[in-house]
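Undergrad: Dropping in structure04.txt, which is compact mmCIF, C-alpha atoms:
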# COMPACT_ATOMS: atom_id res chain seq x y z
CA MET A 1 0.00 0.00 0.00
CA LEU A 2 2.80 2.35 1.03
CA SER A 3 4.82 1.51 -2.06
CA LEU A 4 1.76 2.15 -4.21
CA LEU A 5 1.30 5.55 -2.58
CA LYS A 6 4.99 6.30 -3.10
CA ARG A 7 4.79 5.25 -6.72
CA TYR A 8 1.82 7.44 -7.50
CA ARG A 9 2.71 10.26 -5.09
CA ASP A 10 3.08 12.93 -7.78
CA LEU A 11 -0.13 11.87 -9.51
CA LEU A 12 -2.04 11.98 -6.23
CA VAL A 13 -0.65 15.42 -5.34
CA LEU A 14 -1.46 16.86 -8.78
CA GLY A 15 -4.92 15.26 -8.70
CA GLY A 16 -5.50 16.83 -5.29
CA LEU A 17 -4.38 20.24 -6.58
CA LEU A 18 -6.89 19.89 -9.44
CA VAL A 19 -9.85 18.50 -7.51
CA TYR A 20 -9.65 20.70 -4.38
CA PRO A 21 -10.28 24.06 -6.15
CA PHE A 22 -13.00 22.49 -8.31
CA VAL A 23 -14.85 21.23 -5.25
CA THR A 24 -14.37 24.67 -3.63
CA PHE A 25 -15.85 26.30 -6.73
CA LEU A 26 -18.84 23.96 -6.77
CA THR A 27 -19.55 24.50 -3.08
CA SER A 28 -18.81 28.23 -2.71
CA GLY A 29 -21.33 29.44 -5.30
CA HIS A 30 -20.95 32.72 -7.16
CA ARG A 31 -20.43 34.89 -4.08
CA GLY A 32 -16.95 33.62 -3.26
CA ARG A 33 -15.57 32.73 0.14
CA PRO A 34 -14.76 35.21 2.91
CA PRO A 35 -11.08 36.24 3.04
CA HIS A 36 -8.80 34.08 5.21
CA LEU A 37 -5.34 34.77 6.62
CA LEU A 38 -3.41 33.92 3.43
CA ASP A 39 -5.78 36.09 1.34
CA ARG A 40 -5.17 38.98 3.72
CA LEU A 41 -1.40 38.49 3.58
CA VAL A 42 -1.27 38.37 -0.22
CA LEU A 43 -3.59 41.38 -0.55
CA ALA A 44 -1.51 43.25 2.04
CA VAL A 45 1.37 42.96 -0.47
CA ALA A 46 -0.57 43.37 -3.73
CA SER A 47 -2.99 46.19 -2.84
CA PRO A 48 -0.44 48.83 -1.71
CA LEU A 49 1.60 47.98 -4.82
CA GLU A 50 -1.55 48.50 -6.91
CA GLY A 51 -2.28 51.77 -5.09
CA ALA A 52 1.26 53.10 -5.53
CA LEU A 53 1.37 52.18 -9.21
CA SER A 54 -2.06 53.67 -9.82
CA TRP A 55 -1.01 56.86 -8.00
CA ALA A 56 2.20 57.11 -10.08
CA VAL A 57 0.40 56.55 -13.41
CA ASP A 58 -2.38 59.01 -12.49
CA GLY A 59 0.25 61.55 -11.43
CA LEU A 60 2.04 61.23 -14.76
CA VAL A 61 -1.18 61.59 -16.75
CA VAL A 62 -2.40 64.55 -14.69
CA GLY A 63 1.03 66.21 -15.00
CA ALA A 64 1.00 65.84 -18.77
CA ARG A 65 -2.57 67.17 -18.96
CA ARG A 66 -1.74 70.18 -16.76
CA TYR A 67 1.19 71.04 -18.98
CA LEU A 68 -1.09 70.94 -22.03
CA TYR A 69 -3.72 73.04 -20.22
CA LEU A 70 -1.23 75.88 -19.69
CA VAL A 71 -1.95 76.90 -23.27
CA GLY A 72 -4.61 79.60 -22.96
CA ALA A 73 -4.49 79.50 -19.15
CA GLU A 74 -4.46 83.31 -18.70
CA GLU A 75 -7.69 83.74 -20.66
CA ALA A 76 -9.33 80.94 -18.68
CA TYR A 77 -8.11 82.53 -15.41
CA ARG A 78 -9.79 85.87 -16.20
CA SER A 79 -13.04 84.14 -17.11
CA CYS A 80 -12.85 82.14 -13.84
CA LEU A 81 -12.46 85.33 -11.80
CA LEU A 82 -15.63 86.70 -13.33
CA GLU A 83 -17.53 83.46 -12.70
CA LYS A 84 -16.24 83.39 -9.11
CA ALA A 85 -17.64 86.87 -8.40
CA GLU A 86 -21.03 85.83 -9.81
CA ALA A 87 -21.01 82.56 -7.86
CA ARG A 88 -20.19 84.41 -4.61
CA ALA A 89 -23.18 86.68 -5.06
CA GLU A 90 -25.40 83.66 -5.77
CA LEU A 91 -24.02 81.83 -2.72
CA ASN A 92 -24.87 84.76 -0.44
CA SER A 93 -28.46 84.80 -1.60
CA MET A 94 -28.66 80.97 -1.17
CA ARG A 95 -27.31 81.25 2.38
CA GLU A 96 -30.11 83.68 3.11
CA LEU A 97 -32.65 81.19 1.71
CA ALA A 98 -31.12 78.32 3.72
CA ALA A 99 -31.34 80.34 6.95
CA GLU A 100 -34.94 81.23 6.18
CA ASN A 101 -35.70 77.56 5.39
CA GLU A 102 -34.18 76.53 8.72
CA ARG A 103 -36.29 79.09 10.63
CA LEU A 104 -39.48 77.93 8.92
CA LYS A 105 -38.70 74.24 9.58
CA ARG A 106 -38.22 74.98 13.28
CA LEU A 107 -41.45 76.91 13.28
CA LEU A 108 -43.31 73.90 11.82
CA GLY A 109 -41.59 71.42 14.17
CA TYR A 110 -40.14 69.48 11.22
CA ALA A 111 -38.14 66.45 12.38
CA GLU A 112 -34.74 66.78 10.80
CA HIS A 113 -32.88 63.59 9.98
CA THR A 114 -29.24 63.71 9.13
CA PRO A 115 -28.23 61.17 6.51
CA ALA A 116 -25.20 59.08 7.42
CA GLU A 117 -21.86 60.18 6.02
CA GLU A 118 -20.71 58.91 2.64
CA ILE A 119 -17.11 57.77 2.33
CA PRO A 120 -15.19 59.14 -0.68
CA ALA A 121 -12.87 56.59 -2.27
CA ARG A 122 -10.51 56.33 -5.22
CA ILE A 123 -10.31 53.36 -7.60
CA VAL A 124 -6.84 51.86 -7.54
CA GLY A 125 -7.32 48.91 -9.85
CA VAL A 126 -9.62 46.80 -11.98
CA ASN A 127 -9.76 43.04 -11.52
CA PRO A 128 -7.78 41.27 -14.24
CA ALA A 129 -10.30 38.44 -14.81
CA HIS A 130 -12.69 39.16 -17.66
CA ASN A 131 -15.63 37.19 -16.27
CA PHE A 132 -16.11 39.21 -13.09
CA LEU A 133 -16.53 42.99 -13.30
CA SER A 134 -15.15 44.49 -10.14
CA VAL A 135 -12.87 47.35 -9.08
CA ARG A 136 -10.70 47.89 -6.00
CA LEU A 137 -11.09 50.95 -3.75
CA ASN A 138 -8.48 52.55 -1.49
CA ARG A 139 -10.84 52.50 1.53
CA GLY A 140 -11.37 49.58 3.85
CA GLU A 141 -12.37 48.35 7.29
CA ALA A 142 -10.68 51.21 9.16
CA ASP A 143 -12.61 53.79 7.10
CA GLY A 144 -15.94 52.18 7.96
CA VAL A 145 -16.47 50.37 4.65
CA ARG A 146 -18.37 47.09 5.05
CA ALA A 147 -19.49 44.36 2.63
CA GLY A 148 -22.92 45.11 1.16
CA MET A 149 -22.57 48.91 1.18
CA PRO A 150 -23.75 50.69 -2.00
CA VAL A 151 -21.21 52.53 -4.14
CA LEU A 152 -22.28 55.64 -6.08
CA THR A 153 -21.21 58.73 -7.94
CA ALA A 154 -23.11 61.97 -8.40
CA GLU A 155 -24.53 60.50 -11.63
CA GLY A 156 -25.94 57.34 -10.02
CA VAL A 157 -25.33 53.75 -9.00
CA VAL A 158 -21.92 52.10 -9.50
CA GLY A 159 -22.28 48.80 -7.62
CA HIS A 160 -21.90 47.36 -4.13
CA VAL A 161 -19.01 46.36 -1.87
CA GLN A 162 -18.37 42.63 -2.20
CA ARG A 163 -15.41 42.18 0.13
CA VAL A 164 -13.32 44.34 2.48
CA VAL A 165 -9.75 43.35 3.32
CA GLY A 166 -7.57 45.71 5.40
CA SER A 167 -7.48 49.15 3.81
CA TYR A 168 -9.02 48.04 0.51
CA ALA A 169 -12.46 47.02 -0.72
CA ASP A 170 -13.63 45.15 -3.82
CA VAL A 171 -16.75 46.49 -5.52
CA VAL A 172 -18.97 44.43 -7.84
CA LEU A 173 -20.16 46.73 -10.64
CA ALA A 174 -23.84 46.97 -11.54
CA THR A 175 -22.98 45.54 -14.98
CA ASP A 176 -21.58 42.30 -13.50
CA PRO A 177 -23.87 39.32 -14.23
CA ALA A 178 -24.06 38.55 -10.49
CA SER A 179 -25.47 42.00 -9.72
CA LYS A 180 -29.25 42.43 -9.33
CA LEU A 181 -30.90 45.73 -8.37
CA GLY A 182 -34.51 46.28 -7.38
CA VAL A 183 -35.63 49.16 -9.60
CA LEU A 184 -38.58 51.42 -10.47
CA VAL A 185 -39.36 53.20 -13.71
CA GLN A 186 -39.65 56.74 -12.34
CA ARG A 187 -42.45 57.95 -14.64
CA THR A 188 -44.88 55.05 -14.17
CA ARG A 189 -43.54 53.42 -10.94
CA ALA A 190 -43.37 50.05 -12.76
CA ARG A 191 -41.23 47.66 -10.72
CA GLY A 192 -38.55 45.32 -11.97
CA THR A 193 -35.03 43.99 -11.55
CA ALA A 194 -31.97 45.39 -13.31
CA THR A 195 -29.49 42.55 -13.86
CA GLY A 196 -25.92 42.95 -15.13
CA ALA A 197 -25.25 41.52 -18.58
CA GLY A 198 -21.44 41.55 -18.43
CA GLY A 199 -18.90 43.57 -20.41
CA ALA A 200 -19.94 47.06 -21.48
CA LYS A 201 -23.50 45.93 -22.28
CA PRO A 202 -26.61 47.68 -20.84
CA LEU A 203 -28.27 46.10 -17.80
CA LEU A 204 -31.25 43.82 -18.46
CA LEU A 205 -34.60 45.06 -17.18
CA GLU A 206 -36.36 41.91 -15.95
CA ASN A 207 -39.62 40.99 -14.22
CA VAL A 208 -41.52 43.97 -15.62
CA LEU A 209 -45.02 42.96 -16.72
CA ARG A 210 -45.71 43.24 -20.44
CA SER A 211 -48.74 45.40 -19.71
CA GLU A 212 -46.67 48.05 -17.87
CA ASP A 213 -46.19 51.45 -19.48
CA VAL A 214 -42.42 51.52 -20.16
CA GLU A 215 -40.88 53.55 -22.98
CA GLU A 216 -37.37 54.11 -24.27
CA GLY A 217 -35.66 56.96 -22.44
CA ASP A 218 -37.61 56.47 -19.17
CA LEU A 219 -35.48 57.09 -16.09
CA VAL A 220 -34.86 54.01 -13.93
CA ILE A 221 -34.21 54.49 -10.20
CA THR A 222 -33.51 52.12 -7.31
CA ALA A 223 -36.63 50.82 -5.57
CA GLY A 224 -34.99 50.35 -2.16
CA THR A 225 -36.20 46.76 -1.94
CA ASP A 226 -32.97 44.84 -2.47
CA GLY A 227 -31.56 45.54 0.99
CA ILE A 228 -28.50 47.30 -0.47
CA PHE A 229 -29.48 50.47 -2.30
CA PRO A 230 -31.65 53.19 -0.75
CA LYS A 231 -34.67 54.25 -2.77
CA GLY A 232 -34.41 56.91 -5.48
CA LEU A 233 -30.84 56.57 -6.78
CA VAL A 234 -30.49 56.91 -10.54
CA VAL A 235 -29.58 53.64 -12.31
CA GLY A 236 -29.95 54.67 -15.95
CA ARG A 237 -32.38 55.05 -18.84
CA VAL A 238 -34.56 52.42 -20.53
CA THR A 239 -33.42 51.28 -23.95
CA ALA A 240 -34.50 48.70 -26.57
CA VAL A 241 -38.01 47.86 -25.26
CA GLN A 242 -39.47 44.68 -26.78
CA ARG A 243 -42.90 43.22 -26.15
CA ASN A 244 -43.12 39.70 -27.54
CA ALA A 245 -46.46 38.21 -28.55
CA ALA A 246 -46.15 35.60 -25.80
CA GLY A 247 -44.84 35.73 -22.24
CA MET A 248 -45.66 37.66 -19.09
CA PHE A 249 -42.74 40.08 -19.10
CA LEU A 250 -41.35 42.65 -21.51
CA HIS A 251 -37.69 42.74 -22.53
CA ALA A 252 -35.69 45.95 -22.19
CA GLY A 253 -32.23 47.23 -21.37
CA VAL A 254 -31.07 49.91 -18.95
CA LEU A 255 -28.21 52.10 -20.14
CA PRO A 256 -26.24 52.94 -16.95
CA SER A 257 -26.13 56.66 -16.10
CA VAL A 258 -22.57 56.27 -14.81
CA GLU A 259 -19.75 55.65 -17.27
CA LEU A 260 -18.54 52.58 -15.40
CA TRP A 261 -15.53 52.06 -17.67
CA ARG A 262 -14.20 55.55 -16.91
CA LEU A 263 -14.54 55.71 -13.15
CA GLU A 264 -11.93 57.49 -11.01
CA GLU A 265 -13.58 58.44 -7.70
CA VAL A 266 -16.71 57.08 -6.03
CA LEU A 267 -18.71 57.42 -2.81
CA VAL A 268 -19.41 54.49 -0.51
CA ALA A 269 -22.82 55.09 1.07
CA PRO A 270 -24.42 53.48 4.12
CA ALA A 271 -26.49 50.41 3.22
CA ALA A 272 -30.28 50.69 3.10
CA SER A 273 -31.49 50.03 6.65
CA PRO A 274 -33.62 46.89 7.22
CA GLN A 275 -36.31 49.16 8.73
CA SER A 276 -36.62 51.21 5.53
CA VAL A 277 -36.78 48.02 3.42
CA ALA A 278 -39.44 46.55 5.70
CA ALA A 279 -41.44 49.79 5.57
CA GLU A 280 -41.21 49.77 1.78
CA GLN A 281 -42.39 46.15 1.60
CA GLU A 282 -45.22 46.94 4.01
CA ALA A 283 -46.26 49.87 1.80
CA ARG A 284 -46.24 47.58 -1.24
CA ARG A 285 -48.58 45.13 0.51
CA MET B 1 13.46 29.04 -7.20
CA LYS B 2 11.38 28.74 -10.38
CA PHE B 3 8.30 28.53 -8.19
CA LEU B 4 9.02 31.79 -6.36
CA THR B 5 10.15 33.63 -9.51
CA THR B 6 7.09 32.73 -11.59
CA VAL B 7 4.70 33.50 -8.72
CA ALA B 8 6.38 36.89 -8.13
CA ILE B 9 6.20 37.66 -11.87
CA ALA B 10 2.52 36.65 -11.90
CA LEU B 11 1.74 38.98 -8.99
CA LEU B 12 3.60 41.86 -10.61
CA LEU B 13 1.92 41.32 -14.00
CA LEU B 14 -1.55 41.08 -12.45
CA VAL B 15 -1.01 44.34 -10.56
CA LEU B 16 0.29 46.00 -13.74
CA GLU B 17 -2.72 44.76 -15.72
CA SER B 18 -5.15 45.89 -13.05
CA VAL B 19 -3.78 49.45 -13.17
CA ALA B 20 -3.49 49.46 -16.98
CA VAL B 21 -7.12 48.35 -17.46
CA LYS B 22 -8.26 51.02 -15.00
CA ARG B 23 -6.45 53.69 -17.03
CA LEU B 24 -7.54 52.38 -20.44
CA GLY B 25 -11.17 51.61 -19.55
CA LEU B 26 -13.11 48.57 -18.39
CA SER B 27 -14.30 47.67 -21.87
CA VAL B 28 -10.75 46.79 -22.93
CA SER B 29 -10.02 43.08 -23.39
CA ARG B 30 -7.98 41.56 -20.58
CA ILE B 31 -4.65 39.83 -21.12
CA ASP B 32 -4.41 36.32 -19.69
CA VAL B 33 -0.91 36.77 -18.29
CA THR B 34 -1.42 33.86 -15.94
CA VAL B 35 -2.08 31.49 -18.86
CA VAL B 36 1.25 32.51 -20.42
CA LEU B 37 3.08 31.64 -17.20
CA VAL B 38 1.19 28.37 -16.66
CA VAL B 39 1.94 27.23 -20.23
CA PHE B 40 5.58 28.09 -19.64
CA LEU B 41 5.56 25.96 -16.48
CA ALA B 42 3.83 23.12 -18.33
CA VAL B 43 6.54 22.92 -20.99
CA ARG B 44 9.57 23.76 -18.86
CA ALA B 45 9.10 23.07 -15.15
CA GLU B 46 9.34 19.92 -13.06
CA ARG B 47 6.09 18.06 -12.46
CA LEU B 48 5.46 18.98 -8.83
CA GLU B 49 7.16 22.36 -8.89
CA GLY B 50 5.14 23.35 -11.97
CA GLY B 51 1.95 21.99 -10.41
CA PHE B 52 2.38 23.96 -7.20
CA ALA B 53 3.42 27.11 -9.09
CA SER B 54 0.36 26.83 -11.40
CA PHE B 55 -1.85 26.38 -8.34
CA ALA B 56 -0.32 29.52 -6.76
CA ILE B 57 -0.70 31.55 -9.98
CA GLY B 58 -4.34 30.48 -10.32
CA TYR B 59 -4.88 31.41 -6.66
CA LEU B 60 -3.46 34.90 -7.29
CA LEU B 61 -5.80 35.48 -10.25
CA ASP B 62 -8.70 34.12 -8.20
CA LEU B 63 -7.86 36.51 -5.37
CA MET B 64 -7.38 39.51 -7.66
CA SER B 65 -10.73 38.82 -9.35
CA GLY B 66 -12.44 40.19 -6.24
CA ARG B 67 -14.56 37.06 -5.84
CA PRO B 68 -12.41 34.05 -4.99
CA THR B 69 -14.42 30.96 -5.85
CA GLY B 70 -11.59 28.54 -6.73
CA LEU B 71 -12.50 28.60 -10.44
CA TYR B 72 -9.26 30.16 -11.69
CA VAL B 73 -7.15 27.82 -9.53
CA PHE B 74 -8.91 24.84 -11.09
CA LEU B 75 -8.51 26.26 -14.61
CA ALA B 76 -4.79 26.98 -14.05
CA MET B 77 -4.23 23.39 -12.91
CA LEU B 78 -6.22 22.04 -15.86
CA VAL B 79 -4.22 24.15 -18.33
CA PHE B 80 -0.99 23.00 -16.67
CA LEU B 81 -1.87 19.30 -16.89
CA LEU B 82 -3.21 19.49 -20.45
CA GLY B 83 -0.23 21.62 -21.53
CA ARG B 84 2.13 19.08 -20.01
CA LEU B 85 0.34 16.26 -21.78
CA ALA B 86 0.49 18.12 -25.11
CA SER B 87 4.15 19.03 -24.70
CA MET B 88 4.99 15.32 -24.56
CA LEU B 89 3.47 14.87 -27.99
CA VAL B 90 4.67 18.11 -29.61
CA GLU B 91 7.96 19.94 -29.13
CA ALA B 92 6.93 23.27 -27.57
CA ARG B 93 10.24 24.72 -26.47
CA SER B 94 10.77 27.07 -29.40
CA ALA B 95 9.24 30.57 -29.42
CA GLY B 96 6.81 29.78 -32.27
CA THR B 97 5.31 26.64 -30.77
CA PHE B 98 5.22 28.27 -27.34
CA LEU B 99 3.07 31.07 -28.80
CA LEU B 100 0.78 28.51 -30.45
CA PHE B 101 0.46 26.68 -27.13
CA VAL B 102 -0.39 29.96 -25.38
CA ALA B 103 -3.05 30.82 -27.98
CA GLY B 104 -4.63 27.35 -27.70
CA ALA B 105 -4.48 27.36 -23.90
CA ASP B 106 -5.93 30.87 -23.73
CA LEU B 107 -8.84 29.90 -25.97
CA GLY B 108 -9.55 26.84 -23.84
CA HIS B 109 -9.19 28.86 -20.62
CA SER B 110 -11.58 31.58 -21.86
CA LEU B 111 -14.21 29.13 -23.08
CA LEU B 112 -14.11 27.12 -19.86
CA ALA B 113 -14.33 30.31 -17.76
CA LEU B 114 -17.34 31.37 -19.85
CA PHE B 115 -18.94 27.96 -19.41
CA PHE B 116 -18.50 27.92 -15.64
CA THR B 117 -19.47 31.56 -14.99
CA TRP B 118 -22.15 31.65 -17.70
CA THR B 119 -21.03 35.14 -18.71
CA PRO B 120 -22.04 36.32 -22.18
CA ILE B 121 -19.05 37.70 -24.08
CA SER B 122 -18.72 38.52 -27.76
CA PRO B 123 -16.48 36.42 -30.06
CA TRP B 124 -14.61 39.67 -30.80
CA GLY B 125 -13.85 40.01 -27.08
CA ILE B 126 -12.34 36.51 -27.03
CA ALA B 127 -10.42 37.19 -30.26
CA GLY B 128 -9.00 40.41 -28.78
CA GLN B 129 -8.04 38.58 -25.62
CA LEU B 130 -6.30 35.83 -27.64
CA LEU B 131 -4.36 38.38 -29.65
CA LEU B 132 -3.30 40.39 -26.59
CA SER B 133 -2.31 37.28 -24.63
CA THR B 134 -0.22 35.96 -27.53
CA LEU B 135 1.47 39.36 -27.84
CA ALA B 136 2.14 39.33 -24.09
CA ALA B 137 3.65 35.83 -24.47
CA LEU B 138 5.90 37.13 -27.24
CA MET B 139 7.09 39.99 -25.04
CA LEU B 140 7.55 37.76 -21.99
CA TRP B 141 9.43 35.06 -23.91
CA PRO B 142 12.94 36.56 -23.42
CA LEU B 143 12.30 36.98 -19.68
CA LEU B 144 10.96 33.44 -19.35
CA ARG B 145 13.96 32.08 -21.26
CA ARG B 146 16.16 33.69 -18.62
CA ILE B 147 14.30 31.86 -15.86
CA ASP B 148 14.74 28.53 -17.63
CA PRO B 149 17.24 28.40 -20.47
CA GLY B 150 17.24 24.55 -20.31
CA THR B 151 16.54 22.37 -23.29
CA ASP B 152 15.20 19.23 -21.59
CA ARG B 153 11.73 18.25 -22.63
CA PRO B 154 9.21 16.24 -20.55
CA GLN B 155 9.55 12.62 -21.55
CA ALA B 156 6.63 10.43 -22.52
CA GLY B 157 4.93 9.35 -19.29
CA ALA B 158 6.38 12.31 -17.40
CA LEU B 159 2.90 13.43 -16.40
CA LEU B 160 2.59 10.40 -14.17
Could I get this structure in the form of structure tokens?

TA:
Amino acid sequence: MLSLLKRYRDLLVLGGLLVYPFVTFLTSGHRGRPPHLLDRLVLAVASPLEGALSWAVDGLVVGARRYLYLVGAEEAYRSCLLEKAEARAELNSMRELAAENERLKRLLGYAEHTPAEEIPARIVGVNPAHNFLSVRLNRGEADGVRAGMPVLTAEGVVGHVQRVVGSYADVVLATDPASKLGVLVQRTRARGTATGAGGAKPLLLENVLRSEDVEEGDLVITAGTDGIFPKGLVVGRVTAVQRNAAGMFLHAGVLPSVELWRLEEVLVAPAASPQSVAAEQEARR
Amino acid sequence: MKFLTTVAIALLLLVLESVAVKRLGLSVSRIDVTVVLVVFLAVRAERLEGGFASFAIGYLLDLMSGRPTGLYVFLAMLVFLLGRLASMLVEARSAGTFLLFVAGADLGHSLLALFFTWTPISPWGIAGQLLLSTLAALMLWPLLRRIDPGTDRPQAGALL
């Protein structure tokens, strides 16, 4: 028995190295496993390297751009001064309005709620595997980033945090096939699910009844029912609506409002609270 | 030594690619740098050393993908074993055949990854990836030759 094991030692080792990851893949599903010690160690080496390289490349590009922008800078400077004076005057009048608004709110006993702070983050790298669309942020556990938090820009939804290791976080983009967002068509309040289609393709608008009033160009916003995204964030616009002769649901795409392939900075927002999701579901009932 | 060198190169190349894709845009085809290294190990490394190095390279790609499921480790090992089997039948130690091996392995790797993740991707995307990976193999060839300038070829039955 021992001699047999010795004879086929290499074959057994190589077989083990082949079978073990396959079994892990079959049992872990599409979400992936939580990071263990070795993952943390490797990422502790790779992520700062990624951050430094990204910083150096960005610095070079920005430097080159700034040099090119010097052409015509004086003219732009004078125009900026003028705009600044106008903006200052506008700001003063807005401050007056804000103060008045505050006084009136107090008068009416309006309960003010302060939204939780968003965490600004910079993208340091894109994952090198084509099948999963994710990016790495330079904010992690110490900055308050947690798995499941939504990631946004001023234009709309980017994705959600999949994993946080040390000072870095991996974000699954809304276009990734594993991403599913509960959405509403803003104009008609038709509900559906926006699912990633991979690559640079539009999201797929699913589970919208064929009878619903949905047109190309309609704005799609988050419904706040997926437990990740708060209600009302812009996802994109409806495109390519198809109503087949048979079937319950219509087929359409959602063109993301954020240019996901040109992202630089993002905001990590607090996750939708379970209370708000429950209230939304209650309202639906 | 070959184990540590190839794993370090894989880590460096993955970091470089991650930053390059970020700068160029997400819609750009990826380069399967790990496939290039695994094919190199299949045709040049010792059985166990190559096996462990391929496992480590697959693990790095799996980790860098942001969603470690074990898929890329399995695919790296599969490419290593099939590459080793093929290199017993065909001489793959010259630059030309090495590039052909890389192209074939990359195609197989991409199709299997598509099959297991069920991700729709256009044939043009795969073609672009094949072209870029083969170009990367061409550029990495002198460096890889430095790591292993040997001329020995796996003998028939060397897989087992």

Undergrad: Could you please give me, as a PyMOL selection string, the residues of protein, DNA or RNA lying at most 9 Å from (-9.3, 50.2, 2.9) in the coordinate frame of the file, considering all atoms listed in the file?

TA: chain A and resi 121+137-145+164-169

Undergrad: Would you save the residues from that selection as a JSON list (two decimals), keeping the file's coordinate frame, using C-alpha atoms?

TA:
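As a result, out.json now contains:
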[["chain", "number", "residue", "atom", "x", "y", "z"],
["A", 121, "ALA", "CA", -12.87, 56.59, -2.27],
["A", 137, "LEU", "CA", -11.09, 50.95, -3.75],
["A", 138, "ASN", "CA", -8.48, 52.55, -1.49],
["A", 139, "ARG", "CA", -10.84, 52.50, 1.53],
["A", 140, "GLY", "CA", -11.37, 49.58, 3.85],
["A", 141, "GLU", "CA", -12.37, 48.35, 7.29],
["A", 142, "ALA", "CA", -10.68, 51.21, 9.16],
["A", 143, "ASP", "CA", -12.61, 53.79, 7.10],
["A", 144, "GLY", "CA", -15.94, 52.18, 7.96],
["A", 145, "VAL", "CA", -16.47, 50.37, 4.65],
["A", 164, "VAL", "CA", -13.32, 44.34, 2.48],
["A", 165, "VAL", "CA", -9.75, 43.35, 3.32],
["A", 166, "GLY", "CA", -7.57, 45.71, 5.40],
["A", 167, "SER", "CA", -7.48, 49.15, 3.81],
["A", 168, "TYR", "CA", -9.02, 48.04, 0.51],
["A", 169, "ALA", "CA", -12.46, 47.02, -0.72]]

Undergrad: What are the closest atom pairs, with distances in Å to one decimal, for each residue of chain A lying within 8 Å of chain B, using only C-alpha atoms, rows by chain and rising residue number, as a Markdown table?

TA:
| residue | atom | partner | partner_atom | distance |
| --- | --- | --- | --- | --- |
| A:Tyr8 | CA | B:Leu160 | CA | 7.3 |
| A:Asp10 | CA | B:Leu48 | CA | 6.6 |
| A:Leu11 | CA | B:Leu160 | CA | 5.6 |
| A:Val13 | CA | B:Leu48 | CA | 7.9 |
| A:Leu14 | CA | B:Gly51 | CA | 6.4 |
| A:Leu17 | CA | B:Phe55 | CA | 6.9 |
| A:Leu18 | CA | B:Phe74 | CA | 5.6 |
| A:Val19 | CA | B:Phe74 | CA | 7.3 |
| A:Tyr20 | CA | B:Phe74 | CA | 7.9 |
| A:Pro21 | CA | B:Gly70 | CA | 4.7 |
| A:Phe22 | CA | B:Phe74 | CA | 5.5 |
| A:Thr24 | CA | B:Gly70 | CA | 5.7 |
| A:Phe25 | CA | B:Gly70 | CA | 4.8 |
| A:Ser28 | CA | B:Thr69 | CA | 6.0 |
| A:Gly29 | CA | B:Thr69 | CA | 7.1 |
| A:His30 | CA | B:Thr69 | CA | 6.9 |
| A:Arg31 | CA | B:Arg67 | CA | 6.5 |
| A:Gly32 | CA | B:Thr69 | CA | 4.5 |
| A:Arg33 | CA | B:Pro68 | CA | 6.2 |
| A:Asp39 | CA | B:Leu63 | CA | 7.0 |
| A:Ala46 | CA | B:Val15 | CA | 6.9 |
| A:Leu49 | CA | B:Val15 | CA | 7.3 |
| A:Glu50 | CA | B:Val15 | CA | 5.6 |
| A:Leu53 | CA | B:Val19 | CA | 7.0 |
| A:Ser54 | CA | B:Val19 | CA | 5.7 |
| A:Val124 | CA | B:Val19 | CA | 6.8 |
| A:Gly125 | CA | B:Val19 | CA | 4.9 |
| A:Val126 | CA | B:Ser18 | CA | 4.7 |
| A:Asn127 | CA | B:Ser65 | CA | 4.8 |
| A:Pro128 | CA | B:Ser18 | CA | 5.4 |
| A:Ala129 | CA | B:Ser65 | CA | 5.5 |
| A:His130 | CA | B:Arg30 | CA | 6.0 |
| A:Asn131 | CA | B:Thr119 | CA | 6.3 |
| A:Phe132 | CA | B:Ser65 | CA | 6.6 |
| A:Ser134 | CA | B:Gly66 | CA | 6.4 |
| A:Val135 | CA | B:Gly66 | CA | 7.7 |
| A:Arg136 | CA | B:Gly66 | CA | 7.9 |
| A:Gln162 | CA | B:Gly66 | CA | 7.6 |
| A:Arg163 | CA | B:Gly66 | CA | 7.3 |
| A:Asp170 | CA | B:Gly66 | CA | 5.6 |
| A:Val171 | CA | B:Gly66 | CA | 7.7 |
| A:Val172 | CA | B:Gly66 | CA | 7.9 |
| A:Pro177 | CA | B:Thr119 | CA | 6.8 |
| A:Ala197 | CA | B:Pro120 | CA | 7.1 |
| A:Gly198 | CA | B:Thr119 | CA | 6.4 |
| A:Gly199 | CA | B:Ser27 | CA | 6.3 |
| A:Ala200 | CA | B:Ser27 | CA | 5.7 |
| A:Leu260 | CA | B:Leu26 | CA | 7.4 |
| A:Trp261 | CA | B:Leu26 | CA | 4.3 |
| A:Arg262 | CA | B:Gly25 | CA | 5.6 |

Undergrad: Within 12 Å of Glu155 in chain A, counting all atoms listed in the file, which residues show up once you throw out same-chain ones fewer than 2 positions away? Write them as a ChimeraX atom specification, please.

TA: /A:151-153,157-158,221,233-237,256-260,263,265-267

Undergrad: Create the file for the chosen residues now, containing C-alpha atoms and written as a compact mmCIF listing (two decimals), in the frame of the given file.

TA:
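Output (result-v7.txt):
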# COMPACT_ATOMS: atom_id res chain seq x y z
CA VAL A 151 -21.21 52.53 -4.14
CA LEU A 152 -22.28 55.64 -6.08
CA THR A 153 -21.21 58.73 -7.94
CA VAL A 157 -25.33 53.75 -9.00
CA VAL A 158 -21.92 52.10 -9.50
CA ILE A 221 -34.21 54.49 -10.20
CA LEU A 233 -30.84 56.57 -6.78
CA VAL A 234 -30.49 56.91 -10.54
CA VAL A 235 -29.58 53.64 -12.31
CA GLY A 236 -29.95 54.67 -15.95
CA ARG A 237 -32.38 55.05 -18.84
CA PRO A 256 -26.24 52.94 -16.95
CA SER A 257 -26.13 56.66 -16.10
CA VAL A 258 -22.57 56.27 -14.81
CA GLU A 259 -19.75 55.65 -17.27
CA LEU A 260 -18.54 52.58 -15.40
CA LEU A 263 -14.54 55.71 -13.15
CA GLU A 265 -13.58 58.44 -7.70
CA VAL A 266 -16.71 57.08 -6.03
CA LEU A 267 -18.71 57.42 -2.81
